[in-house]
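Encoded as structure tokens, the structure appears first; notes follow it.
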Amino acid sequence: MKHDIQVSQAKRLFELMDRRTTDLAPSVMTQPVADYVCHDLAACERAVLFRRLALLIALGCELPRPGDYLCDDFSGMPIVVRRCEDGSVAAWRNVCSHRGARLLNGRGSSPERLTCPYHAWTYAADSGRLLAVPFERGFEEIDTGCLGLVPLPVREIHGLIFAVPEPGVELDADRFLEEVGDDLAQFGLEGYHHFETRVLEQPLNWKLVVDTFLETYHLGTLHRSTIAPILHSNLSTFTPMGRHLRMIAARRSIEQLRTQPECEWDLVRHSAMVYVIFPNTVFIMQGDHLETWRVYPGASPDASRMHVSLYTPEPACSESAVRHWRKNLDLLMATVLEEDFPLAADMQRDFSVRNDHLLFGRNEPALQHFHRMLHDALRNSIGERDDRGREE
Ligand code: FES
Ligand SMILES: [Fe+2]
């Protein structure tokens with residue numbers, strides 16, 4: 001985030017703090033409970049949000065050398081992203097053109113030729129071209145020149161790698177990040193290092209997982225002894241950024257800025273900068289490190305899977321650095337797994353027997369924006385199916 005914006009956001013936080021308020025939406029919004037349990041909506045979300053939009057797959061630092069690859073099937077589509085010899089990234093459907101075996105698994109470094117583990121069809125790793133078919137006579141009436149790997153739209157921008165699970169979708173690097181791209185560009189993510197990724201499965205709709213991060217209203221109650229001593233409760237700025245959004249929560253240490261000259265203000269250190277990179281990534285600059293939550297639907301509307309990753313500005317080379325960051329990640333996990341998610345799992349269970357609405361208050365503008373943007377993105381697929389988003 002540019003320094004002038006850090007200064008204006010810090011001033012806004014002080015103003016809100018002094019007036020004992022937070023950034024407010026114009027009105028309360030209602031949200032149908034059905035949106036968290038509806039199978040039809042879940043199918044629409046999969047088809048639109050998780051097939052045709054750019055999804056964050058990794059930070060560029062996770063593929064540092066040519067040949068490095070990682071596989072991802074959380075969207076439901078098996079994807080492999082690989083660093084090419086020229087330093088660019090390529091993404092393919094991780095599916096052999098013969099009978100559909102996966103070519104690669106997990107993470108690693110691949111040779112220049114990818115050989116399918118099933119019948120040894122072999123592809124060029126950079127171009128995806130099919131190079132060799134053992135016993136070619138068995139396929140002689142087929143044009144094997146058209147049987148390369150299916151390329152997927154992929155972009156590396158500001159140190160982040162995005163891919164679209166469906167082939168043929170246009171991915172305009174300058175446009176899909178909208179205003180959030182300006183902030184991301186300033187974080188220097190190209191120089192970050194991957195510390196660890198943990199995978200969680202929870203009995204929660206994927207949106208309920210994202211909702212957890214989009215207000216500071218609950219910090220003083222649910223997290224009174226864990227997060228509330230560090231972050232102010234019910235105090236945050238909110239900025240819509242096209243479909244994406246930014247919410248900045250103030251650390252209690254922000255008071256230190258009041259006595260420093262503005263030119264030295266570093267709001268990153270004294271806040272938690274929460275972004276939703278639409279549709280499913282919660283990106284949090286946490287003072288001295290980055291957390292990303294890539295949240296996906298599970299097998300049913302009441303299940304989700306997520307990648308939780310921690311990235312650091314310096315590599316964790318020493319044992320004490322590893323201990324420090326692991327403790328950080330353990331604490332984060334303990335907070336969500338012991339405080340947020342058990343409560344949300346009860347909510348999710350109750351949603352299945354309810355047929356009414358939730359309320360997103362004026363003090364929860366990020367929640368309102370996230371759900372409005374989802375509704376807009378799905379509007380063409382689902383039509384005006386109910387009165388969601390109605391203002392009270
Ligand atoms: S499925 Fe890959 S070679 Fe047969
Ligand atoms: Fe929480």
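Residues in the structure tokens are named by chain (A, B, ... in the order shown) and by number from 1 within that chain; ligands are numbered from 1 in the order shown.
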
Check your understanding: Would you give me, as a list in words, the residues in region 129-244 of chain A that DSSP reads as helix (DSSP H, G or I)?
Key -> Glu136, Arg137, Gly138, Phe139, Thr144, Gly145, Cys146, Val180, Gly181, Asp182, Asp183, Leu184, Ala185, Gln186, Leu189, Glu190, Gly191, Trp206, Lys207, Leu208, Val209, Val210, Asp211, Leu219, Gly220, Thr221 and Leu222 of chain A

Preceding selection exported with C-alpha atoms as an mmCIF file, in the first residue's frame:
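What ended up in selection20.cif:
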data_model
loop_
_atom_site.group_PDB
_atom_site.id
_atom_site.type_symbol
_atom_site.label_atom_id
_atom_site.label_comp_id
_atom_site.auth_asym_id
_atom_site.auth_seq_id
_atom_site.Cartn_x
_atom_site.Cartn_y
_atom_site.Cartn_z
ATOM 1 C CA GLU A 136 1.611 -45.127 -32.079
ATOM 2 C CA ARG A 137 -0.049 -47.573 -34.460
ATOM 3 C CA GLY A 138 -2.766 -48.041 -31.836
ATOM 4 C CA PHE A 139 -3.896 -44.441 -32.429
ATOM 5 C CA THR A 144 -1.976 -36.723 -32.067
ATOM 6 C CA GLY A 145 -0.821 -33.167 -32.899
ATOM 7 C CA CYS A 146 -4.071 -31.972 -31.289
ATOM 8 C CA VAL A 180 -6.652 -4.019 -5.296
ATOM 9 C CA GLY A 181 -3.732 -4.461 -7.706
ATOM 10 C CA ASP A 182 -2.299 -1.053 -6.698
ATOM 11 C CA ASP A 183 -2.096 -2.115 -3.059
ATOM 12 C CA LEU A 184 -0.706 -5.570 -3.822
ATOM 13 C CA ALA A 185 1.982 -4.057 -6.036
ATOM 14 C CA GLN A 186 3.368 -2.137 -3.055
ATOM 15 C CA LEU A 189 5.569 -9.961 -2.591
ATOM 16 C CA GLU A 190 8.118 -10.949 -5.241
ATOM 17 C CA GLY A 191 10.644 -10.997 -2.379
ATOM 18 C CA TRP A 206 -17.044 -21.789 2.153
ATOM 19 C CA LYS A 207 -18.672 -18.344 2.421
ATOM 20 C CA LEU A 208 -19.089 -18.749 6.161
ATOM 21 C CA VAL A 209 -15.324 -19.295 6.385
ATOM 22 C CA VAL A 210 -14.694 -16.044 4.480
ATOM 23 C CA ASP A 211 -17.293 -14.235 6.622
ATOM 24 C CA LEU A 219 -13.143 -9.626 18.476
ATOM 25 C CA GLY A 220 -14.091 -8.271 21.903
ATOM 26 C CA THR A 221 -16.413 -11.179 22.668
ATOM 27 C CA LEU A 222 -15.375 -14.360 20.847
#

Considering only C-alpha atoms and all ligand atoms, give me a table of residues in chain A that are at most 8 Å from ligand 2, with the closest atom pair and distance in Å for each, as a Markdown table.
| residue | atom | partner | partner_atom_place_in_ligand_line | distance |
| --- | --- | --- | --- | --- |
| A:Thr212 | CA | ligand 2 | 1 (Fe) | 5.4 |
| A:Phe213 | CA | ligand 2 | 1 (Fe) | 6.2 |
| A:Thr216 | CA | ligand 2 | 1 (Fe) | 7.8 |
| A:His218 | CA | ligand 2 | 1 (Fe) | 6.6 |
| A:Leu219 | CA | ligand 2 | 1 (Fe) | 6.4 |
| A:Leu222 | CA | ligand 2 | 1 (Fe) | 7.0 |
| A:His223 | CA | ligand 2 | 1 (Fe) | 6.7 |
| A:Thr335 | CA | ligand 2 | 1 (Fe) | 7.4 |
| A:Val336 | CA | ligand 2 | 1 (Fe) | 6.4 |
| A:Glu339 | CA | ligand 2 | 1 (Fe) | 7.1 |
| A:Asp340 | CA | ligand 2 | 1 (Fe) | 5.0 |

Practice item. Counting only C-alpha atoms and all ligand atoms, name the residues that have an atom within 8 Å of an atom of ligand 1; the answer should be given as a PyMOL selection string. Key: chain A and resi 95-103+115-122+133

Exercise for review: Just the residues within 12 Å of Leu290 (chain A), please, counting only C-alpha atoms, with nothing from its chain fewer than 2 positions along; format it as an NGL selection string.
Suggested key: :A and (59 or 184 or 187-189 or 191-197 or 268-269 or 272-275 or 282-288 or 292-293 or 308-314 or 325 or 328-329)

**Study point:** Distance in Å - CA of Leu359 (chain A) versus CA of Asp35 (chain A)
**Key:**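 Interatomic distance here is 13.1 Å.
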
Point to revise | Selection near Met347 (chain A), 12 Å with only C-alpha atoms, sequence-local residues under 3 positions removed, as a PyMOL selection string | key: chain A and resi 33+36-37+203-205+208-209+212+302+340-344+350-354+358

Exercise for review: Compile the contact shell of region 360-363 of chain A as JSON, numbers by chain: residues with an atom at most 9 Å away, counting only C-alpha atoms, same-chain residues fewer than 2 positions apart removed.
Suggested key: {"A": [21, 22, 23, 24, 25, 26, 27, 28, 29, 30, 31, 215, 216, 217, 234, 235, 236, 358, 365, 366, 367, 368]}

Keeping only C-alpha atoms, write the selected residues as a PDB file, in the first residue's frame.
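part-v4.pdb written:
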ATOM      1  CA  THR A  21     -17.230   4.168  15.848  1.00  0.00           C
ATOM      2  CA  THR A  22     -16.138   2.244  12.780  1.00  0.00           C
ATOM      3  CA  ASP A  23     -16.651   2.614   9.016  1.00  0.00           C
ATOM      4  CA  LEU A  24     -20.370   2.161   8.404  1.00  0.00           C
ATOM      5  CA  ALA A  25     -22.481   0.957   5.488  1.00  0.00           C
ATOM      6  CA  PRO A  26     -25.502   3.122   4.635  1.00  0.00           C
ATOM      7  CA  SER A  27     -27.935   0.528   5.967  1.00  0.00           C
ATOM      8  CA  VAL A  28     -28.377  -2.949   7.394  1.00  0.00           C
ATOM      9  CA  MET A  29     -28.431  -5.799   4.859  1.00  0.00           C
ATOM     10  CA  THR A  30     -30.296  -9.068   5.039  1.00  0.00           C
ATOM     11  CA  GLN A  31     -28.739 -12.303   3.890  1.00  0.00           C
ATOM     12  CA  GLU A 215     -15.683  -7.854  10.547  1.00  0.00           C
ATOM     13  CA  THR A 216     -13.929  -6.855  13.751  1.00  0.00           C
ATOM     14  CA  TYR A 217     -17.224  -6.690  15.648  1.00  0.00           C
ATOM     15  CA  ASN A 234     -15.353  -3.028  16.159  1.00  0.00           C
ATOM     16  CA  LEU A 235     -12.875  -0.622  14.574  1.00  0.00           C
ATOM     17  CA  SER A 236     -11.859  -0.868  10.956  1.00  0.00           C
ATOM     18  CA  LEU A 358     -29.090 -13.151   8.839  1.00  0.00           C
ATOM     19  CA  PRO A 365     -19.648  -3.216   5.482  1.00  0.00           C
ATOM     20  CA  ALA A 366     -17.051  -5.707   4.228  1.00  0.00           C
ATOM     21  CA  LEU A 367     -19.491  -8.585   4.749  1.00  0.00           C
ATOM     22  CA  GLN A 368     -22.148  -6.647   2.873  1.00  0.00           C
TER      23      GLN A 368
END

Point to revise | Straight-line distance linking CA of Leu131 (chain A) with CA of Asp143 (chain A), stated in Å to one decimal | key: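 These two atoms are separated by 12.4 Å.
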
Taking only residues of region 253-289 of chain A that have an atom at most 12 Å from an atom of region 152-176 of chain A, what is each one's shortest atom pair and its distance in Å to one decimal, using only C-alpha atoms, in chain and number order, as CSV?
residue,atom,partner,partner_atom,distance
A:Ile277,CA,A:Phe176,CA,9.8
A:Phe278,CA,A:Phe176,CA,9.3
A:Pro279,CA,A:Phe176,CA,11.2
A:Asn280,CA,A:Phe162,CA,12.0
A:Thr281,CA,A:Phe162,CA,11.0
A:Phe283,CA,A:Leu160,CA,11.2

Point to revise | Contacts of Leu267 (chain A) at 8 Å (only C-alpha atoms; same-chain gap of 5+ positions) as a ChimeraX atom specification | key: /A:6-7,10,254

Give me a file of those residues, with N, CA, C and O atoms, as a PDB file, in the first residue's frame.
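Done, and the output landed in out16.pdb:
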ATOM      1  N   GLN A   6      -1.448   4.834   3.367  1.00  0.00           N
ATOM      2  CA  GLN A   6      -1.248   4.382   4.760  1.00  0.00           C
ATOM      3  C   GLN A   6      -1.541   5.525   5.726  1.00  0.00           C
ATOM      4  O   GLN A   6      -2.189   5.331   6.758  1.00  0.00           O
ATOM      5  N   VAL A   7      -1.063   6.714   5.367  1.00  0.00           N
ATOM      6  CA  VAL A   7      -1.272   7.868   6.257  1.00  0.00           C
ATOM      7  C   VAL A   7      -2.757   8.203   6.341  1.00  0.00           C
ATOM      8  O   VAL A   7      -3.309   8.397   7.431  1.00  0.00           O
ATOM      9  N   ALA A  10      -4.530   5.558   8.375  1.00  0.00           N
ATOM     10  CA  ALA A  10      -4.220   5.666   9.809  1.00  0.00           C
ATOM     11  C   ALA A  10      -5.000   6.834  10.422  1.00  0.00           C
ATOM     12  O   ALA A  10      -5.574   6.711  11.512  1.00  0.00           O
ATOM     13  N   ILE A 254      -1.097   0.955  17.356  1.00  0.00           N
ATOM     14  CA  ILE A 254      -1.204   2.088  16.433  1.00  0.00           C
ATOM     15  C   ILE A 254      -1.019   3.415  17.182  1.00  0.00           C
ATOM     16  O   ILE A 254      -0.626   4.426  16.586  1.00  0.00           O
TER      17      ILE A 254
END

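Candidate residues A:Gly106, A:Pro64, A:Pro32, A:Pro151 were compared for distance to Ala90 (chain A), and the nearest is A:Pro151, using only C-alpha atoms.
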
Review point. From the list A:Phe135, A:Tyr123, A:Tyr296, A:Phe370, which residue is nearest Thr239 (chain A) when using only C-alpha atoms?
Key: A:Phe370

Review point. Between A:Leu49, A:Val276, A:Leu149, A:Leu13, which has the minimum distance to Ala124 (chain A) (counting only C-alpha atoms)?
Key: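 Among A:Leu49, A:Val276, A:Leu149, A:Leu13, it is A:Leu149 that comes nearest to Ala124 (chain A).
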
Using DSSP on the backbone coordinates, identify all residues within region 3-126 of chain A classified as strand (DSSP E); present the result as a PDB file with N, CA and C atoms, in the first residue's frame.
ATOM      1  N   MET A  29     -28.123  -4.928   6.007  1.00  0.00           N
ATOM      2  CA  MET A  29     -28.431  -5.799   4.859  1.00  0.00           C
ATOM      3  C   MET A  29     -28.894  -7.157   5.368  1.00  0.00           C
ATOM      4  N   THR A  30     -29.854  -7.721   4.668  1.00  0.00           N
ATOM      5  CA  THR A  30     -30.296  -9.068   5.039  1.00  0.00           C
ATOM      6  C   THR A  30     -29.664 -10.089   4.108  1.00  0.00           C
ATOM      7  N   GLN A  31     -29.395 -11.238   4.659  1.00  0.00           N
ATOM      8  CA  GLN A  31     -28.739 -12.303   3.890  1.00  0.00           C
ATOM      9  C   GLN A  31     -29.497 -13.601   4.142  1.00  0.00           C
ATOM     10  N   PRO A  32     -30.082 -14.196   3.097  1.00  0.00           N
ATOM     11  CA  PRO A  32     -30.849 -15.425   3.333  1.00  0.00           C
ATOM     12  C   PRO A  32     -29.959 -16.556   3.851  1.00  0.00           C
ATOM     13  N   LEU A  55      -8.298 -17.585  -9.945  1.00  0.00           N
ATOM     14  CA  LEU A  55      -8.154 -17.963  -8.544  1.00  0.00           C
ATOM     15  C   LEU A  55      -6.680 -17.889  -8.177  1.00  0.00           C
ATOM     16  N   LEU A  56      -6.414 -17.415  -6.978  1.00  0.00           N
ATOM     17  CA  LEU A  56      -5.022 -17.406  -6.517  1.00  0.00           C
ATOM     18  C   LEU A  56      -4.575 -18.847  -6.300  1.00  0.00           C
ATOM     19  N   ILE A  57      -3.472 -19.208  -6.921  1.00  0.00           N
ATOM     20  CA  ILE A  57      -2.967 -20.573  -6.790  1.00  0.00           C
ATOM     21  C   ILE A  57      -1.775 -20.620  -5.829  1.00  0.00           C
ATOM     22  N   ALA A  58      -0.931 -19.612  -5.901  1.00  0.00           N
ATOM     23  CA  ALA A  58       0.292 -19.648  -5.092  1.00  0.00           C
ATOM     24  C   ALA A  58       0.954 -18.276  -5.178  1.00  0.00           C
ATOM     25  N   LEU A  59       1.972 -18.073  -4.364  1.00  0.00           N
ATOM     26  CA  LEU A  59       2.862 -16.937  -4.592  1.00  0.00           C
ATOM     27  C   LEU A  59       3.968 -17.396  -5.537  1.00  0.00           C
ATOM     28  N   ASP A  68      10.079 -26.024 -11.551  1.00  0.00           N
ATOM     29  CA  ASP A  68       9.293 -26.194 -10.330  1.00  0.00           C
ATOM     30  C   ASP A  68       7.808 -26.196 -10.683  1.00  0.00           C
ATOM     31  N   TYR A  69       7.071 -27.070 -10.041  1.00  0.00           N
ATOM     32  CA  TYR A  69       5.637 -27.140 -10.318  1.00  0.00           C
ATOM     33  C   TYR A  69       4.865 -27.348  -9.028  1.00  0.00           C
ATOM     34  N   LEU A  70       3.583 -27.045  -9.080  1.00  0.00           N
ATOM     35  CA  LEU A  70       2.682 -27.458  -8.006  1.00  0.00           C
ATOM     36  C   LEU A  70       1.332 -27.796  -8.600  1.00  0.00           C
ATOM     37  N   CYS A  71       0.689 -28.778  -7.982  1.00  0.00           N
ATOM     38  CA  CYS A  71      -0.611 -29.246  -8.448  1.00  0.00           C
ATOM     39  C   CYS A  71      -1.681 -28.742  -7.481  1.00  0.00           C
ATOM     40  N   ASP A  72      -2.854 -28.462  -8.024  1.00  0.00           N
ATOM     41  CA  ASP A  72      -3.941 -27.924  -7.216  1.00  0.00           C
ATOM     42  C   ASP A  72      -5.249 -28.440  -7.798  1.00  0.00           C
ATOM     43  N   ILE A  79      -5.244 -28.945 -11.703  1.00  0.00           N
ATOM     44  CA  ILE A  79      -4.423 -27.927 -12.370  1.00  0.00           C
ATOM     45  C   ILE A  79      -2.969 -28.176 -11.997  1.00  0.00           C
ATOM     46  N   VAL A  80      -2.079 -28.012 -12.960  1.00  0.00           N
ATOM     47  CA  VAL A  80      -0.661 -27.973 -12.597  1.00  0.00           C
ATOM     48  C   VAL A  80      -0.098 -26.645 -13.105  1.00  0.00           C
ATOM     49  N   VAL A  81       0.626 -25.965 -12.244  1.00  0.00           N
ATOM     50  CA  VAL A  81       1.285 -24.711 -12.623  1.00  0.00           C
ATOM     51  C   VAL A  81       2.781 -24.970 -12.566  1.00  0.00           C
ATOM     52  N   ARG A  82       3.485 -24.546 -13.603  1.00  0.00           N
ATOM     53  CA  ARG A  82       4.914 -24.869 -13.688  1.00  0.00           C
ATOM     54  C   ARG A  82       5.700 -23.651 -14.151  1.00  0.00           C
ATOM     55  N   ARG A  83       6.871 -23.457 -13.566  1.00  0.00           N
ATOM     56  CA  ARG A  83       7.785 -22.390 -13.996  1.00  0.00           C
ATOM     57  C   ARG A  83       8.547 -22.879 -15.220  1.00  0.00           C
ATOM     58  N   VAL A  89       5.301 -18.504 -16.144  1.00  0.00           N
ATOM     59  CA  VAL A  89       4.591 -19.667 -15.617  1.00  0.00           C
ATOM     60  C   VAL A  89       3.581 -20.156 -16.646  1.00  0.00           C
ATOM     61  N   ALA A  90       3.390 -21.466 -16.674  1.00  0.00           N
ATOM     62  CA  ALA A  90       2.380 -22.065 -17.545  1.00  0.00           C
ATOM     63  C   ALA A  90       1.451 -22.880 -16.656  1.00  0.00           C
ATOM     64  N   ALA A  91       0.191 -22.964 -17.065  1.00  0.00           N
ATOM     65  CA  ALA A  91      -0.758 -23.801 -16.317  1.00  0.00           C
ATOM     66  C   ALA A  91      -1.439 -24.742 -17.295  1.00  0.00           C
ATOM     67  N   TRP A  92      -1.628 -25.958 -16.865  1.00  0.00           N
ATOM     68  CA  TRP A  92      -2.279 -26.980 -17.684  1.00  0.00           C
ATOM     69  C   TRP A  92      -3.321 -27.682 -16.847  1.00  0.00           C
ATOM     70  N   ARG A  93      -4.290 -28.275 -17.550  1.00  0.00           N
ATOM     71  CA  ARG A  93      -5.093 -29.278 -16.872  1.00  0.00           C
ATOM     72  C   ARG A  93      -4.175 -30.448 -16.599  1.00  0.00           C
ATOM     73  N   ARG A 107       3.961 -31.201  -5.149  1.00  0.00           N
ATOM     74  CA  ARG A 107       4.887 -30.150  -5.571  1.00  0.00           C
ATOM     75  C   ARG A 107       6.211 -30.783  -5.887  1.00  0.00           C
ATOM     76  N   GLY A 108       7.005 -30.139  -6.705  1.00  0.00           N
ATOM     77  CA  GLY A 108       8.332 -30.675  -6.963  1.00  0.00           C
ATOM     78  C   GLY A 108       8.961 -29.976  -8.144  1.00  0.00           C
ATOM     79  N   SER A 109       9.918 -30.644  -8.733  1.00  0.00           N
ATOM     80  CA  SER A 109      10.577 -30.109  -9.912  1.00  0.00           C
ATOM     81  C   SER A 109      10.491 -31.181 -10.996  1.00  0.00           C
ATOM     82  N   ARG A 113      10.508 -33.152 -20.051  1.00  0.00           N
ATOM     83  CA  ARG A 113       9.483 -33.997 -20.661  1.00  0.00           C
ATOM     84  C   ARG A 113       8.665 -34.628 -19.547  1.00  0.00           C
ATOM     85  N   LEU A 114       7.341 -34.529 -19.684  1.00  0.00           N
ATOM     86  CA  LEU A 114       6.459 -35.114 -18.676  1.00  0.00           C
ATOM     87  C   LEU A 114       5.927 -36.430 -19.214  1.00  0.00           C
ATOM     88  N   THR A 115       6.174 -37.493 -18.492  1.00  0.00           N
ATOM     89  CA  THR A 115       5.718 -38.799 -18.958  1.00  0.00           C
ATOM     90  C   THR A 115       4.601 -39.298 -18.061  1.00  0.00           C
ATOM     91  N   THR A 122       4.097 -38.942 -23.563  1.00  0.00           N
ATOM     92  CA  THR A 122       5.089 -37.978 -23.087  1.00  0.00           C
ATOM     93  C   THR A 122       4.842 -36.603 -23.703  1.00  0.00           C
ATOM     94  N   TYR A 123       4.889 -35.584 -22.858  1.00  0.00           N
ATOM     95  CA  TYR A 123       4.578 -34.211 -23.263  1.00  0.00           C
ATOM     96  C   TYR A 123       5.779 -33.301 -22.996  1.00  0.00           C
ATOM     97  N   ALA A 124       5.894 -32.233 -23.814  1.00  0.00           N
ATOM     98  CA  ALA A 124       6.899 -31.199 -23.536  1.00  0.00           C
ATOM     99  C   ALA A 124       6.397 -30.376 -22.363  1.00  0.00           C
TER     100      ALA A 124
END
